[in-house]
Each structure stands twice: as C-alpha cells, then as structure tokens.
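**Q** Here's a structure for you.
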Amino acid sequence: MATTKPMVIFSHGKEGIPDGNKIVRLMAVASNYGCQNISIDYRKIKSPDKRTEKLLETLKDNPTPLVLVGSSMGSYISIVASESVKPKGLFLLAPAIYLQGYEIKNPTPKAKLTTVIHGWNDEVVPVANAIQFAQKHQCRLHLLDSDHRLLSAMPLIERLFAIFLDELLN
C-alpha cells in the first residue's frame, strides 16, 4: 500500500524571501522524495506571531501529512504552529527561540521527528539557545561551523535534510 508523501512547508526568516537560496536548495531535496513544496511569503508581516497565524491559516483543513521547515524566525513559527497541526517532522535552521519580542517564550515542538541545525558562529541567535531547546525537547542537534545564515554549510544541510526525509518516509 502506497503512503501519501507529506507536503513540505517552508517558512523563511525575518529578512528572508520565499525563494531564497536555502529554500530553493531544500525544495529540490524534498522534490527528489516526491514531496509537494510550498514556500510562504511572509515579507509584509513583521510580527512572528502574526506570521504564525498566516501559517496556520494556510494549513487549515489540509489532510496531507506535513513537514515544517523553518529558518530563524521561520523556525519559531514552525515550532509554534506544530503545537496545533502536529506535523510528521520539523526541520529547524538557526531557530529564533528564547528571544525578546516573541510572544511564546518556550514553544514546544509537536512532531514525530525534530531536527535542529545551528551555526557555532551565529551572531543573531546564541548557539546556547539551540542547545537548550534541543536538550529540553530531546531533538536531534547538528552544530556546524557556520554563521546565522548557514549558507557556508548548505551542502551538508542538504544531506542532513535528505537523511531526515528518508527516515520520515521509509
């Protein structure tokens, strides 16, 4: 019996764009696994919590299994949304957690599998935040020699995303 492939929803960061380098490259990986991809455009919405509302509205009445992928603020909104939609997986890049200005101070991931990727040299979100989050929620954590944008680590991140999808789908 064939299983339904999940829909992968990408949420960019505060200054990101829906067709940025990271998203385009990870979409290609997801497509290789037969997944549908959606990248939401949040550029006109500054508030992380209003972005979460937009994500939840987009996912309303969606019967397809979900994988939420976020970068920075996009990771925060993916985590918060996961509490309602309970996706199969969360793939979080440099998650903007435990920061001032975010309504939910301790979001709890609700997914079968959660992977966190963070740069040791992140100048926006302290690496300690990612370590604390991963330890508290027993998530997989990959700390890479990169900065907040993680662009220098994209080849490795693509491989880690493939491993993540492979585990979720097989």
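Note on naming: chains are A, B, ... as they come in the structure tokens, residues start from 1 per chain, ligands start from 1 in the order shown.
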Between range 80-126 of chain A and range 56-61 of chain A, at 9 Å or less, what are the per-residue closest atom pairs and their distances in Å? Count only C-alpha atoms, order by chain and rising residue number, and return it as a Markdown table.

**A**
| residue | atom | partner | partner_atom | distance |
| --- | --- | --- | --- | --- |
| A:Ala81 | CA | A:Leu56 | CA | 6.3 |
| A:Ser84 | CA | A:Leu56 | CA | 8.1 |
| A:Val85 | CA | A:Leu59 | CA | 7.8 |

**Q** What's around range 15-30 of chain A at 7 Å? Count only C-alpha atoms, leave out sequence neighbours fewer than 4 positions away in its own chain, and write the answer as a PyMOL selection string.

**A** chain A and resi 10+34-35+37+39-41+43+158+162

**Q** Please write the residues from the selection above to a file, keeping N, CA and C atoms, as an mmCIF file, in the first residue's frame.

**A**
data_model
loop_
_atom_site.group_PDB
_atom_site.id
_atom_site.type_symbol
_atom_site.label_atom_id
_atom_site.label_comp_id
_atom_site.auth_asym_id
_atom_site.auth_seq_id
_atom_site.Cartn_x
_atom_site.Cartn_y
_atom_site.Cartn_z
ATOM 1 N N PHE A 10 7.739 25.545 3.769
ATOM 2 C CA PHE A 10 8.933 26.311 4.105
ATOM 3 C C PHE A 10 8.546 27.693 4.614
ATOM 4 N N GLY A 34 9.618 13.063 -3.747
ATOM 5 C CA GLY A 34 8.226 13.040 -4.182
ATOM 6 C C GLY A 34 7.301 13.915 -3.365
ATOM 7 N N CYS A 35 7.860 14.811 -2.574
ATOM 8 C CA CYS A 35 7.042 15.690 -1.735
ATOM 9 C C CYS A 35 6.568 16.904 -2.521
ATOM 10 N N ASN A 37 5.850 20.918 -2.356
ATOM 11 C CA ASN A 37 6.515 22.002 -1.634
ATOM 12 C C ASN A 37 5.702 23.281 -1.713
ATOM 13 N N SER A 39 6.309 27.375 -0.291
ATOM 14 C CA SER A 39 7.096 28.358 0.441
ATOM 15 C C SER A 39 6.218 29.593 0.631
ATOM 16 N N ILE A 40 5.958 29.915 1.870
ATOM 17 C CA ILE A 40 5.045 31.011 2.198
ATOM 18 C C ILE A 40 5.803 32.335 2.217
ATOM 19 N N ASP A 41 5.170 33.363 1.682
ATOM 20 C CA ASP A 41 5.763 34.696 1.644
ATOM 21 C C ASP A 41 5.257 35.499 2.850
ATOM 22 N N ARG A 43 6.956 38.379 3.866
ATOM 23 C CA ARG A 43 7.699 39.643 3.861
ATOM 24 C C ARG A 43 6.899 40.853 4.321
ATOM 25 N N GLU A 158 21.858 20.011 3.104
ATOM 26 C CA GLU A 158 21.073 19.258 2.119
ATOM 27 C C GLU A 158 21.150 17.755 2.408
ATOM 28 N N ALA A 162 18.059 15.285 3.552
ATOM 29 C CA ALA A 162 17.765 14.032 2.864
ATOM 30 C C ALA A 162 17.674 12.883 3.863
#

**Q** Run DSSP on the backbone and tell me which residues of range 71-126 of chain A come out as strand (DSSP E or B); list them as JSON, numbers by chain.

**A** {"A": [71, 89, 90, 91, 92, 93, 113, 114, 115, 116, 117, 118, 119]}

**Q** Please give the complete set of residues from chain A that DSSP, run on the backbone, assigns to alpha helix (DSSP H), formatted as an MDAnalysis selection string.

**A** chainID A and resid 21:32 48:59 73:85 127:137 154:169

**Q** Could you please determine the separation between CA of Leu151 in chain A and CA of Ile79 in chain A in Å, to one decimal place?

**A**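 CA of Ile79 in chain A lies at a distance of 21.9 Å from CA of Leu151 in chain A.
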
**Q** Can you pull out every residue within 9 Å of Gly74 in chain A, counting only C-alpha atoms, but drop anything in the same chain fewer than 2 positions away, and send it as a PDB file with N, CA and C atoms, in the first residue's frame?

**A**
ATOM      1  N   PHE A  10       7.739  25.545   3.769  1.00  0.00           N
ATOM      2  CA  PHE A  10       8.933  26.311   4.105  1.00  0.00           C
ATOM      3  C   PHE A  10       8.546  27.693   4.614  1.00  0.00           C
ATOM      4  N   SER A  11       9.168  28.091   5.718  1.00  0.00           N
ATOM      5  CA  SER A  11       8.943  29.415   6.302  1.00  0.00           C
ATOM      6  C   SER A  11      10.290  30.117   6.445  1.00  0.00           C
ATOM      7  N   HIS A  12      10.440  31.211   5.713  1.00  0.00           N
ATOM      8  CA  HIS A  12      11.702  31.953   5.720  1.00  0.00           C
ATOM      9  C   HIS A  12      11.842  32.812   6.974  1.00  0.00           C
ATOM     10  N   GLY A  13      13.033  33.338   7.163  1.00  0.00           N
ATOM     11  CA  GLY A  13      13.334  34.164   8.318  1.00  0.00           C
ATOM     12  C   GLY A  13      12.877  35.602   8.169  1.00  0.00           C
ATOM     13  N   LYS A  14      13.164  36.383   9.181  1.00  0.00           N
ATOM     14  CA  LYS A  14      12.728  37.784   9.264  1.00  0.00           C
ATOM     15  C   LYS A  14      13.091  38.583   8.021  1.00  0.00           C
ATOM     16  N   PRO A  48       6.355  37.942  14.440  1.00  0.00           N
ATOM     17  CA  PRO A  48       6.463  36.489  14.353  1.00  0.00           C
ATOM     18  C   PRO A  48       5.140  35.790  14.680  1.00  0.00           C
ATOM     19  N   ARG A  51       2.866  36.005  11.734  1.00  0.00           N
ATOM     20  CA  ARG A  51       3.330  35.038  10.737  1.00  0.00           C
ATOM     21  C   ARG A  51       2.830  33.637  11.089  1.00  0.00           C
ATOM     22  N   THR A  52       2.824  33.322  12.371  1.00  0.00           N
ATOM     23  CA  THR A  52       2.305  32.017  12.798  1.00  0.00           C
ATOM     24  C   THR A  52       0.835  31.892  12.413  1.00  0.00           C
ATOM     25  N   VAL A  69       9.466  23.247   7.677  1.00  0.00           N
ATOM     26  CA  VAL A  69      10.877  23.625   7.608  1.00  0.00           C
ATOM     27  C   VAL A  69      10.944  25.126   7.819  1.00  0.00           C
ATOM     28  N   GLY A  70      11.764  25.540   8.765  1.00  0.00           N
ATOM     29  CA  GLY A  70      11.875  26.966   9.034  1.00  0.00           C
ATOM     30  C   GLY A  70      13.313  27.406   9.190  1.00  0.00           C
ATOM     31  N   SER A  71      13.529  28.678   8.902  1.00  0.00           N
ATOM     32  CA  SER A  71      14.837  29.283   9.097  1.00  0.00           C
ATOM     33  C   SER A  71      14.668  30.498  10.003  1.00  0.00           C
ATOM     34  N   SER A  72      15.382  30.514  11.112  1.00  0.00           N
ATOM     35  CA  SER A  72      15.372  31.611  12.065  1.00  0.00           C
ATOM     36  C   SER A  72      13.944  31.883  12.566  1.00  0.00           C
ATOM     37  N   TYR A  76      10.836  29.469  14.481  1.00  0.00           N
ATOM     38  CA  TYR A  76       9.956  29.783  15.616  1.00  0.00           C
ATOM     39  C   TYR A  76       8.500  29.547  15.231  1.00  0.00           C
ATOM     40  N   ILE A  77       8.070  30.101  14.085  1.00  0.00           N
ATOM     41  CA  ILE A  77       6.660  29.963  13.723  1.00  0.00           C
ATOM     42  C   ILE A  77       6.312  28.509  13.402  1.00  0.00           C
ATOM     43  N   SER A  78       7.268  27.762  12.871  1.00  0.00           N
ATOM     44  CA  SER A  78       7.024  26.340  12.600  1.00  0.00           C
ATOM     45  C   SER A  78       6.825  25.569  13.901  1.00  0.00           C
ATOM     46  N   ILE A  79       7.641  25.875  14.908  1.00  0.00           N
ATOM     47  CA  ILE A  79       7.502  25.210  16.210  1.00  0.00           C
ATOM     48  C   ILE A  79       6.143  25.543  16.831  1.00  0.00           C
ATOM     49  N   LEU A  92      14.535  22.499  11.566  1.00  0.00           N
ATOM     50  CA  LEU A  92      14.695  23.872  12.057  1.00  0.00           C
ATOM     51  C   LEU A  92      16.121  24.362  11.858  1.00  0.00           C
ATOM     52  N   LEU A  93      16.272  25.439  11.107  1.00  0.00           N
ATOM     53  CA  LEU A  93      17.572  26.047  10.845  1.00  0.00           C
ATOM     54  C   LEU A  93      17.706  27.315  11.679  1.00  0.00           C
ATOM     55  N   PRO A  95      17.056  28.240  14.750  1.00  0.00           N
ATOM     56  CA  PRO A  95      15.762  28.656  15.282  1.00  0.00           C
ATOM     57  C   PRO A  95      15.839  29.858  16.218  1.00  0.00           C
ATOM     58  N   ALA A  96      14.986  30.834  15.941  1.00  0.00           N
ATOM     59  CA  ALA A  96      14.909  32.055  16.750  1.00  0.00           C
ATOM     60  C   ALA A  96      14.018  31.763  17.960  1.00  0.00           C
TER      61      ALA A  96
END

**Q** Write out as a PyMOL selection string the residues lying within 8 Å of Leu169 in chain A, counting only C-alpha atoms and excluding same-chain residues fewer than 3 positions away.

**A** chain A and resi 5+165-166

**Q** Could you take the residues named above and write them with N, CA and C atoms, as an mmCIF file, in the first residue's frame?

**A**
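File written: selection09.cif
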data_model
loop_
_atom_site.group_PDB
_atom_site.id
_atom_site.type_symbol
_atom_site.label_atom_id
_atom_site.label_comp_id
_atom_site.auth_asym_id
_atom_site.auth_seq_id
_atom_site.Cartn_x
_atom_site.Cartn_y
_atom_site.Cartn_z
ATOM 1 N N LYS A 5 2.826 10.990 0.405
ATOM 2 C CA LYS A 5 4.020 11.784 0.692
ATOM 3 C C LYS A 5 3.586 13.077 1.378
ATOM 4 N N LEU A 165 14.357 13.297 5.746
ATOM 5 C CA LEU A 165 13.206 12.875 4.943
ATOM 6 C C LEU A 165 13.194 11.360 4.752
ATOM 7 N N ASP A 166 14.361 10.794 4.529
ATOM 8 C CA ASP A 166 14.457 9.351 4.349
ATOM 9 C C ASP A 166 13.919 8.618 5.572
#

**Q** Between A:Val80, A:Leu143, A:Ile131, A:Leu55, which residue has the minimum interatomic distance to Tyr102 in chain A, considering only C-alpha atoms?

**A**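 Closest to Tyr102 in chain A, using only C-alpha atoms: A:Val80.
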
**Q** I want to know what sits within 12 Å of Gln132 in chain A, based on only C-alpha atoms, with residues of the same chain fewer than 4 positions away left out; could you give that as a ChimeraX atom specification?

**A** /A:95,97-98,106,116,118,126-128,136-141

**Q** Please report the interatomic distance between CA of Lys50 in chain A and CA of Phe91 in chain A in Å with one decimal.

**A**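 Result for CA of Lys50 in chain A versus CA of Phe91 in chain A: 20.7 Å, one decimal.
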
**Q** Under the rule that only C-alpha atoms are counted, which of A:Met7, A:Ala134, A:Ile38, A:Met154 is the nearest residue to Pro65 in chain A?

**A**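 Looking at the shortest contact to Pro65 in chain A, the residue is A:Met7.
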
**Q** For Leu66 in chain A, work out the shell of residues within 6 Å, counting only C-alpha atoms and skipping chain neighbours fewer than 3 positions away, then give it as an NGL selection string.

**A** :A and (6-8 or 87-88)

**Q** Keeping C-alpha atoms for every residue in the selection just given, could you write it to a file as a JSON list (two decimals), in the first residue's frame?

**A**
[["chain", "number", "residue", "atom", "x", "y", "z"],
["A", 6, "PRO", "CA", 3.99, 14.78, 3.01],
["A", 7, "MET", "CA", 3.66, 18.36, 1.95],
["A", 8, "VAL", "CA", 6.77, 20.32, 2.92],
["A", 87, "PRO", "CA", 3.41, 17.59, 11.59],
["A", 88, "LYS", "CA", 5.35, 14.42, 10.88]]
